[in-house]
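Here's start_7.pdb, which has PDB, C-alpha atoms and all ligand atoms:
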ATOM      1  CA  MET D   1     -18.348 -22.403   4.030
ATOM      2  CA  ASN D   2     -16.181 -24.561   6.236
ATOM      3  CA  ALA D   3     -17.378 -24.896   9.827
ATOM      4  CA  ASP D   4     -13.913 -23.908  11.086
ATOM      5  CA  ALA D   5     -13.899 -20.690   9.105
ATOM      6  CA  ASP D   6     -13.767 -17.401  10.963
ATOM      7  CA  VAL D   7     -16.526 -15.317   9.399
ATOM      8  CA  ALA D   8     -15.284 -11.813   8.715
ATOM      9  CA  ASP D   9     -16.878  -8.570   9.839
ATOM     10  CA  THR D  10     -18.551  -7.279   6.651
ATOM     11  CA  SER D  11     -17.409  -3.721   7.410
ATOM     12  CA  GLY D  12     -13.790  -4.884   7.025
ATOM     13  CA  SER D  13     -11.711  -5.335   3.886
ATOM     14  CA  THR D  14     -12.030  -9.139   3.810
ATOM     15  CA  GLY D  15     -15.638  -9.123   4.971
ATOM     16  CA  ARG D  16     -16.725  -6.823   2.130
ATOM     17  CA  LEU D  17     -15.711  -9.697  -0.193
ATOM     18  CA  LEU D  18     -17.769 -12.137   1.933
ATOM     19  CA  LEU D  19     -14.640 -14.179   2.604
ATOM     20  CA  ALA D  20     -13.645 -15.964   5.811
ATOM     21  CA  GLN D  21     -10.670 -14.700   7.779
ATOM     22  CA  ALA D  22      -7.295 -16.386   7.853
ATOM     23  CA  PRO D  23      -6.646 -17.647  11.420
ATOM     24  CA  ALA D  24      -4.453 -16.677  14.358
ATOM     25  CA  GLY D  25      -3.434 -13.135  13.497
ATOM     26  CA  LEU D  26      -2.670 -13.927   9.839
ATOM     27  CA  SER D  27      -5.999 -12.157   9.226
ATOM     28  CA  LEU D  28      -4.093  -8.870   9.402
ATOM     29  CA  VAL D  29      -1.957  -9.840   6.395
ATOM     30  CA  GLN D  30      -5.050 -11.001   4.498
ATOM     31  CA  ASP D  31      -6.929  -7.821   5.421
ATOM     32  CA  LEU D  32      -4.066  -5.656   4.143
ATOM     33  CA  LEU D  33      -4.174  -7.436   0.761
ATOM     34  CA  ASN D  34      -7.944  -7.009   0.580
ATOM     35  CA  THR D  35      -7.757  -3.223   0.985
ATOM     36  CA  ALA D  36      -6.927  -3.104  -2.749
ATOM     37  CA  SER D  37      -9.444  -1.809  -5.252
ATOM     38  CA  MET D  38     -11.243  -4.229  -7.534
ATOM     39  CA  PRO D  39     -12.719  -2.255 -10.394
ATOM     40  CA  VAL D  40     -14.360  -5.446 -11.640
ATOM     41  CA  PHE D  41     -16.607  -5.460  -8.537
ATOM     42  CA  SER D  42     -16.665  -1.618  -8.095
ATOM     43  CA  ILE D  43     -14.689  -1.971  -4.870
ATOM     44  CA  PRO D  44     -12.540   1.051  -3.886
ATOM     45  CA  ASP D  45      -8.971   1.109  -2.539
ATOM     46  CA  LEU D  46      -9.179   1.602   1.226
ATOM     47  CA  LEU D  47      -5.605   2.922   1.350
ATOM     48  CA  GLU D  48      -6.357   5.910  -0.876
ATOM     49  CA  ASP D  49      -7.305   8.152   2.024
ATOM     50  CA  ALA D  50      -6.487   8.317   5.712
ATOM     51  CA  THR D  51     -10.111   8.059   6.897
ATOM     52  CA  THR D  52     -10.949   4.851   5.032
ATOM     53  CA  ALA D  53      -7.508   3.474   5.940
ATOM     54  CA  GLN D  54      -8.106   4.227   9.641
ATOM     55  CA  ASN D  55     -11.551   2.599   9.543
ATOM     56  CA  TRP D  56     -10.051  -0.427   7.833
ATOM     57  CA  LEU D  57      -7.272  -0.727  10.423
ATOM     58  CA  GLU D  58      -9.658  -0.475  13.369
ATOM     59  CA  VAL D  59     -11.837  -3.336  12.109
ATOM     60  CA  SER D  60      -8.746  -5.362  11.229
ATOM     61  CA  LEU D  61      -7.045  -4.830  14.594
ATOM     62  CA  GLY D  62     -10.343  -5.816  16.255
ATOM     63  CA  THR D  63     -10.201  -9.157  14.394
ATOM     64  CA  TRP D  64      -6.507  -9.506  15.249
ATOM     65  CA  SER D  65      -7.220  -8.864  18.944
ATOM     66  CA  ARG D  66     -10.067 -11.407  18.983
ATOM     67  CA  GLN D  67      -7.971 -14.049  17.206
ATOM     68  CA  THR D  68      -4.810 -13.600  19.254
ATOM     69  CA  GLY D  69      -6.464 -12.889  22.609
ATOM     70  CA  ARG D  70      -4.445  -9.696  22.899
ATOM     71  CA  PRO D  71      -5.793  -6.356  24.100
ATOM     72  CA  PRO D  72      -7.006  -4.061  21.308
ATOM     73  CA  LEU D  73      -4.277  -1.927  19.766
ATOM     74  CA  ARG D  74      -4.654   1.634  18.622
ATOM     75  CA  ILE D  75      -2.497   2.709  15.678
ATOM     76  CA  THR D  76      -3.163   6.028  13.964
ATOM     77  CA  ILE D  77      -2.758   6.413  10.207
ATOM     78  CA  HIS D  78      -1.762   9.789   8.785
ATOM     79  CA  PRO D  79      -1.836  10.758   5.093
ATOM     80  CA  ALA D  80       1.972  10.261   4.903
ATOM     81  CA  ASP D  81       1.488   6.593   5.911
ATOM     82  CA  LEU D  82      -0.658   5.741   2.890
ATOM     83  CA  ALA D  83       2.099   5.413   0.257
ATOM     84  CA  PRO D  84       4.317   3.180   2.450
ATOM     85  CA  LEU D  85       1.296   0.988   3.279
ATOM     86  CA  ARG D  86       0.373   0.627  -0.396
ATOM     87  CA  ASP D  87       3.980  -0.292  -1.100
ATOM     88  CA  LEU D  88       3.918  -2.903   1.671
ATOM     89  CA  ARG D  89       0.688  -4.290   0.201
ATOM     90  CA  ARG D  90       2.327  -4.563  -3.231
ATOM     91  CA  GLN D  91       5.320  -6.391  -1.777
ATOM     92  CA  VAL D  92       3.228  -8.810   0.271
ATOM     93  CA  ARG D  93       0.968  -9.506  -2.723
ATOM     94  CA  SER D  94       3.824 -10.283  -5.089
ATOM     95  CA  TRP D  95       5.391 -12.468  -2.440
ATOM     96  CA  VAL D  96       2.181 -14.391  -1.627
ATOM     97  CA  SER D  97       1.512 -14.960  -5.339
ATOM     98  CA  ASP D  98       5.053 -16.300  -5.847
ATOM     99  CA  GLU D  99       6.077 -13.450  -8.096
ATOM    100  CA  GLY D 100       8.138 -11.743  -5.449
ATOM    101  CA  GLU D 101      11.660 -10.614  -6.052
ATOM    102  CA  ASP D 102      14.148 -10.517  -3.221
ATOM    103  CA  ARG D 103      13.780  -7.299  -1.273
ATOM    104  CA  ALA D 104      15.906  -5.359   1.142
ATOM    105  CA  PRO D 105      15.115  -6.359   4.755
ATOM    106  CA  HIS D 106      12.476  -4.322   6.586
ATOM    107  CA  PRO D 107      13.566  -2.941   9.944
ATOM    108  CA  LEU D 108      10.889  -3.669  12.565
ATOM    109  CA  ALA D 109       9.478  -1.370  15.229
ATOM    110  CA  ALA D 110       8.282  -3.954  17.719
ATOM    111  CA  SER D 111       8.712  -5.267  21.235
ATOM    112  CA  VAL D 112       8.580  -8.726  22.789
ATOM    113  CA  SER D 113       7.608  -9.180  26.448
ATOM    114  CA  PHE D 114       7.859 -12.058  28.903
ATOM    115  CA  GLY D 115       5.002 -12.519  31.351
ATOM    116  CA  ASN D 116       2.593 -15.106  32.788
ATOM    117  CA  GLY D 117       4.555 -17.855  31.112
ATOM    118  CA  HIS D 118       4.026 -16.374  27.657
ATOM    119  CA  LEU D 119       5.968 -14.356  25.161
ATOM    120  CA  THR D 120       3.923 -11.564  23.675
ATOM    121  CA  TYR D 121       4.782  -9.213  20.855
ATOM    122  CA  GLY D 122       3.469  -5.944  19.656
ATOM    123  CA  PRO D 123       4.376  -3.019  17.435
ATOM    124  CA  SER D 124       6.092   0.076  18.791
ATOM    125  CA  GLY D 125       5.454   3.564  17.531
ATOM    126  CA  ASP D 126       2.630   4.488  15.235
ATOM    127  CA  GLY D 127       1.450   4.741  11.647
ATOM    128  CA  ALA D 128       2.945   2.783   8.765
ATOM    129  CA  PRO D 129       6.032   1.522  10.689
ATOM    130  CA  ALA D 130       3.776  -0.006  13.385
ATOM    131  CA  VAL D 131       1.389  -1.597  10.846
ATOM    132  CA  THR D 132       4.316  -2.877   8.753
ATOM    133  CA  SER D 133       5.972  -4.436  11.804
ATOM    134  CA  LEU D 134       2.810  -6.212  12.930
ATOM    135  CA  VAL D 135       1.991  -7.449   9.405
ATOM    136  CA  LEU D 136       5.514  -8.846   8.951
ATOM    137  CA  ILE D 137       5.603 -10.483  12.394
ATOM    138  CA  GLU D 138       2.271 -12.204  11.667
ATOM    139  CA  ALA D 139       3.546 -13.344   8.260
ATOM    140  CA  LEU D 140       6.723 -14.681   9.896
ATOM    141  CA  LEU D 141       4.790 -16.561  12.610
ATOM    142  CA  ALA D 142       2.413 -18.014   9.990
ATOM    143  CA  SER D 143       5.345 -19.106   7.832
ATOM    144  CA  HIS D 144       6.515 -21.282  10.736
ATOM    145  CA  THR D 145       3.152 -23.033  11.186
ATOM    146  CA  GLY D 146       2.547 -23.502   7.443
ATOM    147  CA  ALA D 147      -0.518 -21.257   7.562
ATOM    148  CA  LEU D 148       1.086 -18.650   5.323
ATOM    149  CA  SER D 149       1.165 -21.060   2.364
ATOM    150  CA  ARG D 150      -2.643 -21.278   2.577
ATOM    151  CA  LEU D 151      -3.043 -17.532   2.193
ATOM    152  CA  LYS D 152      -3.551 -17.054  -1.562
ATOM    153  CA  THR D 153      -4.693 -14.476  -4.051
ATOM    154  CA  CYS D 154      -7.423 -15.255  -6.585
ATOM    155  CA  LEU D 155      -6.072 -16.338  -9.975
ATOM    156  CA  ASN D 156      -8.422 -13.972 -11.822
ATOM    157  CA  PRO D 157      -6.066 -11.037 -12.585
ATOM    158  CA  ALA D 158      -8.986  -8.580 -12.453
ATOM    159  CA  CYS D 159      -9.815  -9.774  -8.924
ATOM    160  CA  GLY D 160      -6.834 -10.758  -6.771
ATOM    161  CA  ALA D 161      -8.895 -11.205  -3.568
ATOM    162  CA  ALA D 162      -6.877 -12.744  -0.724
ATOM    163  CA  PHE D 163      -8.468 -15.888   0.730
ATOM    164  CA  TYR D 164      -7.459 -18.588   3.157
ATOM    165  CA  ASP D 165      -7.451 -22.004   1.528
ATOM    166  CA  LEU D 166      -9.025 -24.585   3.859
ATOM    167  CA  SER D 167      -9.220 -27.304   1.191
ATOM    168  CA  ARG D 168      -7.616 -30.600   2.204
ATOM    169  CA  ASN D 169      -4.800 -30.506  -0.331
ATOM    170  CA  SER D 170      -4.561 -26.733  -0.517
ATOM    171  CA  THR D 171      -5.662 -26.709  -4.163
ATOM    172  CA  ARG D 172      -8.068 -23.778  -4.193
ATOM    173  CA  ILE D 173      -7.150 -21.084  -6.752
ATOM    174  CA  TRP D 174     -10.298 -18.901  -6.974
ATOM    175  CA  HIS D 175     -11.668 -16.672  -4.251
ATOM    176  CA  ASP D 176     -15.137 -17.566  -5.545
ATOM    177  CA  VAL D 177     -15.859 -20.275  -8.093
ATOM    178  CA  LYS D 178     -19.154 -18.733  -9.229
ATOM    179  CA  THR D 179     -17.676 -15.399 -10.164
ATOM    180  CA  CYS D 180     -13.985 -15.746 -10.907
ATOM    181  CA  LYS D 181     -13.704 -19.318 -12.188
ATOM    182  CA  ASN D 182     -16.722 -18.935 -14.455
ATOM    183  CA  VAL D 183     -15.550 -15.554 -15.764
ATOM    184  CA  MET D 184     -12.147 -16.987 -16.621
ATOM    185  CA  ASN D 185     -13.647 -20.111 -18.243
ATOM    186  CA  LEU D 186     -15.935 -17.932 -20.348
ATOM    187  CA  ARG D 187     -13.007 -15.771 -21.418
ATOM    188  CA  ALA D 188     -10.923 -18.844 -22.336
ATOM    189  CA  SER D 189     -13.749 -20.386 -24.366
ATOM    190  CA  ARG D 190     -14.335 -17.095 -26.238
ATOM    191  CA  ALA D 191     -10.612 -16.919 -27.029
ATOM    192  CA  ARG D 192     -10.696 -20.513 -28.289
ATOM    193  CA  ARG D 193     -13.716 -19.694 -30.482
ATOM    194  CA  ARG D 194     -11.961 -16.631 -31.890
ATOM    195  CA  GLU D 195      -8.900 -18.721 -32.664
ATOM    196  CA  SER D 196     -10.933 -21.411 -34.432
ATOM    197  CA  THR D 197     -12.829 -18.855 -36.585
ATOM    198  CA  THR D 198      -9.712 -16.868 -37.519
ATOM    199  CA  GLY D 199      -7.380 -19.871 -37.775
TER     200      GLY D 199
HETATM  201 ZN    ZN I 201     -11.618 -13.727  -7.510
END

Will you turn the file into structure tokens for me?
Amino acid sequence: MNADADVADTSGSTGRLLLAQAPAGLSLVQDLLNTASMPVFSIPDLLEDATTAQNWLEVSLGTWSRQTGRPPLRITIHPADLAPLRDLRRQVRSWVSDEGEDRAPHPLAASVSFGNGHLTYGPSGDGAPAVTSLVLIEALLASHTGALSRLKTCLNPACGAAFYDLSRNSTRIWHDVKTCKNVMNLRASRARRRESTTG
């Protein structure tokens, strides 16, 4: 692991995959992507029920607060927030993996304050609109620094883990070489063998 990497809390969505966090608040976007289920590793979807979603958000906002130096935020997730959050996750995933179609703009529920020589931002309201606003603001800020282009999803279609690529030329495509790269190589070589025996 790179010395600069921010080691994730293993009770969080990114930490359960033993991945490092994306930096400077982008961790929230990465954490949202990593709430998805991965049947291949028997990992459940954290946005299937309000309790696991709330636990996820608390760990993730703790990371966000630590990374951005902002006071901890409290956002409550109700059952009605789950579908919009899963939809947001789908949109962010397709966009990060370059398969995104153009979408209608998202209205934001957020505020920006001036104080102590700094501009600070934060979500207004609660539930899915507040989470959506904060996720999109972090994605926007990261798109300006170039960090967003280093947030990637694993090329193994049965995995899709979101990782932050710290490689020099930003060439990493697997969340974990030992599992996903080897699995995909094995599958490709079996397919080649099948082709050569049938062809
Ligand atoms: Zn993977």

Explicit residues for the PyMOL selection byres (((not hetatm)) within 10 of (chain I and resi 201)) (as a PyMOL selection string): chain D and resi 17+38+40-41+153-163+173-181+183-184

Polymer residues at most 12 Å from Glu99 (chain D), all atoms listed in the file, same-chain spacing of 6 or more positions, as a ChimeraX atom specification: /D:90-93,153

Based on the selection just made, write C-alpha atoms of those residues as a PDB file, in the coordinates of the input.
ATOM      1  CA  ARG D  90       2.327  -4.563  -3.231  1.00  0.00           C
ATOM      2  CA  GLN D  91       5.320  -6.391  -1.777  1.00  0.00           C
ATOM      3  CA  VAL D  92       3.228  -8.810   0.271  1.00  0.00           C
ATOM      4  CA  ARG D  93       0.968  -9.506  -2.723  1.00  0.00           C
ATOM      5  CA  THR D 153      -4.693 -14.476  -4.051  1.00  0.00           C
TER       6      THR D 153
END

Selection dump of the PyMOL selection byres (((chain D and resi 61) around 9) and not hetatm), as a ChimeraX atom specification: /D:28,56-60,62-66,72-75

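Taking CA of Gly12 (chain D) and CA of Ser111 (chain D) as the two end points, the separation is 26.6 Å.
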
CA of Gln67 (chain D) to CA of Ala110 (chain D), distance in Å rounded to a single decimal: 19.1 Å

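Candidate residues D:Ser11, D:Gln30, D:Ser97, D:Gln21 were compared for distance to Leu136 (chain D), and the nearest is D:Gln30, using only C-alpha atoms.
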
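Excluding Arg89 (chain D) and any residue on its chain fewer than 5 positions from it, the residues at most 9 Å away by all atoms listed in the file are Val29, Leu32, Leu33, Thr35, Ala36, Pro84 and Ser94 of chain D.
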
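When only C-alpha atoms are used to compute distances to Arg16 (chain D), the closest of the residues D:Ala147, D:Val96, D:Val135, D:Leu46 turns out to be D:Leu46.
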
Atomic separation - CA of His118 (chain D) relative to CA of Asp165 (chain D), Å: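 Spanning CA of Asp165 (chain D) to CA of His118 (chain D) is a straight-line distance of 29.1 Å.
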
Surrounding residues of region 104-109 of chain D excluding itself and chain neighbours under 3 positions, 10 Å, only C-alpha atoms, as a list in words: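 These residues fall inside the cut-off: Leu88, Glu101, Gly122, Pro123, Ser124, Gly125, Asp126, Pro129, Ala130, Val131, Thr132, Ser133, Leu134, Leu136 and Ile137 of chain D.
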
Residues returned when the PyMOL selection byres (((chain D and resi 151) around 6) and not hetatm) runs on this file, as a count of residues only: 6

I need region 66-93 of chain D written out with N, CA, C and O atoms, as a short mmCIF file (atom, residue, chain, number, x, y, z; two decimals), in the first residue's frame; please produce it.
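Contents of selection31.cif, freshly written:
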data_model
loop_
_atom_site.label_atom_id
_atom_site.label_comp_id
_atom_site.auth_asym_id
_atom_site.auth_seq_id
_atom_site.Cartn_x
_atom_site.Cartn_y
_atom_site.Cartn_z
N ARG D 66 -13.00 14.01 8.97
CA ARG D 66 -11.56 13.92 9.25
C ARG D 66 -10.76 14.46 8.06
O ARG D 66 -9.80 15.21 8.22
N GLN D 67 -11.18 14.09 6.85
CA GLN D 67 -10.42 14.51 5.66
C GLN D 67 -10.56 15.99 5.36
O GLN D 67 -9.63 16.62 4.89
N THR D 68 -11.76 16.53 5.61
CA THR D 68 -12.00 17.93 5.21
C THR D 68 -11.79 18.90 6.37
O THR D 68 -11.84 20.10 6.17
N GLY D 69 -11.62 18.36 7.59
CA GLY D 69 -11.44 19.22 8.75
C GLY D 69 -12.73 19.92 9.17
O GLY D 69 -12.70 20.93 9.86
N ARG D 70 -13.85 19.40 8.71
CA ARG D 70 -15.14 20.01 9.02
C ARG D 70 -15.79 19.29 10.20
O ARG D 70 -15.51 18.12 10.41
N PRO D 71 -16.64 19.99 10.94
CA PRO D 71 -17.31 19.31 12.05
C PRO D 71 -18.15 18.14 11.55
O PRO D 71 -18.63 18.18 10.41
N PRO D 72 -18.32 17.11 12.39
CA PRO D 72 -19.13 15.96 11.95
C PRO D 72 -20.54 16.40 11.58
O PRO D 72 -21.11 17.29 12.20
N LEU D 73 -21.09 15.78 10.56
CA LEU D 73 -22.45 16.07 10.12
C LEU D 73 -23.35 14.92 10.55
O LEU D 73 -22.92 13.77 10.59
N ARG D 74 -24.60 15.25 10.80
CA ARG D 74 -25.56 14.19 11.11
C ARG D 74 -26.66 14.26 10.05
O ARG D 74 -27.35 15.27 9.92
N ILE D 75 -26.80 13.23 9.27
CA ILE D 75 -27.87 13.13 8.27
C ILE D 75 -28.61 11.83 8.56
O ILE D 75 -27.98 10.79 8.74
N THR D 76 -29.93 11.90 8.65
CA THR D 76 -30.70 10.70 8.96
C THR D 76 -31.29 10.11 7.68
O THR D 76 -31.83 10.83 6.84
N ILE D 77 -31.16 8.79 7.57
CA ILE D 77 -31.71 8.08 6.40
C ILE D 77 -32.98 7.34 6.81
O ILE D 77 -32.98 6.59 7.79
N HIS D 78 -34.04 7.59 6.05
CA HIS D 78 -35.31 6.91 6.27
C HIS D 78 -35.51 5.88 5.15
O HIS D 78 -34.86 6.01 4.10
N PRO D 79 -36.40 4.91 5.35
CA PRO D 79 -36.60 3.90 4.30
C PRO D 79 -36.88 4.52 2.92
O PRO D 79 -36.40 4.00 1.90
N ALA D 80 -37.60 5.65 2.88
CA ALA D 80 -37.93 6.27 1.58
C ALA D 80 -36.70 6.83 0.88
O ALA D 80 -36.75 7.16 -0.32
N ASP D 81 -35.58 6.99 1.61
CA ASP D 81 -34.35 7.53 1.00
C ASP D 81 -33.56 6.46 0.26
O ASP D 81 -32.64 6.78 -0.51
N LEU D 82 -33.86 5.19 0.52
CA LEU D 82 -33.01 4.11 0.00
C LEU D 82 -33.03 4.03 -1.53
O LEU D 82 -31.98 3.94 -2.16
N ALA D 83 -34.23 4.08 -2.12
CA ALA D 83 -34.31 3.97 -3.59
C ALA D 83 -33.60 5.13 -4.27
O ALA D 83 -32.80 4.90 -5.20
N PRO D 84 -33.83 6.39 -3.84
CA PRO D 84 -33.08 7.49 -4.48
C PRO D 84 -31.56 7.36 -4.30
O PRO D 84 -30.81 7.72 -5.21
N LEU D 85 -31.12 6.83 -3.17
CA LEU D 85 -29.67 6.68 -2.96
C LEU D 85 -29.09 5.58 -3.86
O LEU D 85 -28.00 5.73 -4.39
N ARG D 86 -29.87 4.50 -4.04
CA ARG D 86 -29.40 3.45 -4.95
C ARG D 86 -29.35 3.97 -6.38
O ARG D 86 -28.45 3.63 -7.16
N ASP D 87 -30.30 4.81 -6.72
CA ASP D 87 -30.33 5.40 -8.06
C ASP D 87 -29.12 6.33 -8.26
O ASP D 87 -28.46 6.30 -9.30
N LEU D 88 -28.83 7.12 -7.24
CA LEU D 88 -27.65 8.00 -7.30
C LEU D 88 -26.38 7.16 -7.48
O LEU D 88 -25.51 7.48 -8.30
N ARG D 89 -26.30 6.06 -6.73
CA ARG D 89 -25.14 5.17 -6.82
C ARG D 89 -24.97 4.64 -8.25
O ARG D 89 -23.87 4.60 -8.79
N ARG D 90 -26.11 4.23 -8.84
CA ARG D 90 -26.08 3.72 -10.22
C ARG D 90 -25.57 4.79 -11.19
O ARG D 90 -24.76 4.53 -12.06
N GLN D 91 -26.06 6.00 -11.01
CA GLN D 91 -25.66 7.09 -11.91
C GLN D 91 -24.18 7.42 -11.75
O GLN D 91 -23.47 7.60 -12.74
N VAL D 92 -23.72 7.49 -10.50
CA VAL D 92 -22.31 7.82 -10.27
C VAL D 92 -21.43 6.72 -10.82
O VAL D 92 -20.41 6.97 -11.47
N ARG D 93 -21.85 5.45 -10.62
CA ARG D 93 -21.05 4.33 -11.11
C ARG D 93 -20.92 4.36 -12.63
O ARG D 93 -19.84 4.22 -13.18
#
